[in-house]
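To start, the structure itself, in structure tokens.
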Amino acid sequence: QSQLVMAVAQRIIETGTWSWDMTTDVFTCSPECASIVGLDVNEITFETLSSRVHPDDRQMVAEAHQRALQGEELNVEHRFLLPDGTVKYIHARGRLILDEVRSPRAYIGTIVDVTETRLAEDRIRSSLEDAQRAQASLAEAQKLSHVGSYRIKPSTGEVVWSEETYNIYGFDTSMALTSEVIRERVH
């Protein structure tokens with residue numbers, strides 16, 4: 001019953017588990033782990049998984065595993081190539097298990113498919129870059145046309161003035177502009 005609960009929990013949280021018994025050199029992977037990596041549970045070995053790490057991430061992952069085999073906790077996110085060529089982002093965590101005499105006995109861990117999260121972060125980053133480019137273009141257009149602008153944040157009442165507005169009224173951009181200060185410049 002405990003194994004059934006663990007299997008259902010892994011499906012719900014979309015986390016796979018793996019283990020490598022270092023005394024018998026047997027690698028095991030949960031069905032959820034196999035589902036995440038797109039391989040049959042019987043095909044999976046430590047070498048099989050390592051060979052599917054994206055070529056640009058292999059060195060980083062190998063170094064992380066080496067540190068883990070020396071006692072550090074494994075905590076690495078990397079790209080993973082599925083058999084059909086699809087790229088997934090995987091977050092792997094692991095830990096070395098020592099026996100009574102402090103010799104390595106097993107290496108166990110989890111993997112989580114973080115592809116959707118990573119792609120969403122990439123879309124947000126791209127949108128922010130687009131917004132920054134648009135803002136830079138707007139500032140340049142305002143400079144060329146000598147047109148300033150401002151916006152009011154309704155939630156706080158804060159007014160944000162464009163750089164060209166400062167230039168038009170002859171104020172230093174480090175100064176906080178207010179509508180009263182602007183009115184003082186009007187003839």
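Just so we're on the same page: first chain in the structure tokens is A, next is B, and so on; residues restart at 1 for each chain, and ligands are numbered from 1 in the order they show up.
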
Segment 49-63 of chain A environment, 7 Å, only C-alpha atoms, sequence neighbours closer than 5 positions dropped, as a ChimeraX atom specification
/A:44,76,78-81

With only C-alpha atoms as the counted atoms, please give the residues lying no more than 9 Å from Gly109 of chain A, apart from itself and same-chain residues fewer than 2 positions off, as a PyMOL selection string.
chain A and resi 16-19+74+92-96+107+111

Output as a VMD selection string all residues of segment 19-83 of chain A that backbone DSSP marks as strand (DSSP E or B).
chain A and resid 19 to 21 26 to 29 53 74 to 81

Each residue of segment 37-93 of chain A lying at most 10 Å from segment 101-105 of chain A should get a row with its shortest atom-to-atom pair and the distance in Å to one decimal, counting only C-alpha atoms; could you produce that, ordered by chain and increasing number, as CSV?
```
residue,atom,partner,partner_atom,distance
A:Leu69,CA,A:Pro104,CA,8.1
A:Gln70,CA,A:Pro104,CA,9.1
A:Gly71,CA,A:Pro104,CA,9.1
```

Tell me, which residues of segment 1-185 of chain A carry DSSP alpha helix (DSSP H), written as a ChimeraX atom specification?
/A:2-13,31-37,46-51,58-69,115-145,163-169,179-185

How many Å lie between atom CA of Tyr166 of chain A and atom CA of Gly148 of chain A, rounded to one decimal?
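Computed distance, atom CA of Tyr166 of chain A to atom CA of Gly148 of chain A, equals 7.9 Å.
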
From the set A:Thr86, A:Thr117, A:Asn75, A:Thr165, which residue has the shortest atom-to-atom contact distance to Ile36 of chain A, counting only C-alpha atoms?
A:Thr86

Using only C-alpha atoms, which of the listed residues (A:Ala34, A:Arg185, A:Ser162, A:His65) sits closest to Ala141 of chain A?
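Among the listed residues, the smallest separation from Ala141 of chain A belongs to A:Ser162.
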
For Leu177 of chain A, work out the shell of residues within 10 Å, counting only C-alpha atoms and skipping chain neighbours fewer than 2 positions away, then give it as a list in words.
Val159, Val160, Trp161, Thr165, Tyr166, Phe171, Asp172, Thr173, Ser174, Met175, Ser179, Glu180, Val181 and Ile182 of chain A
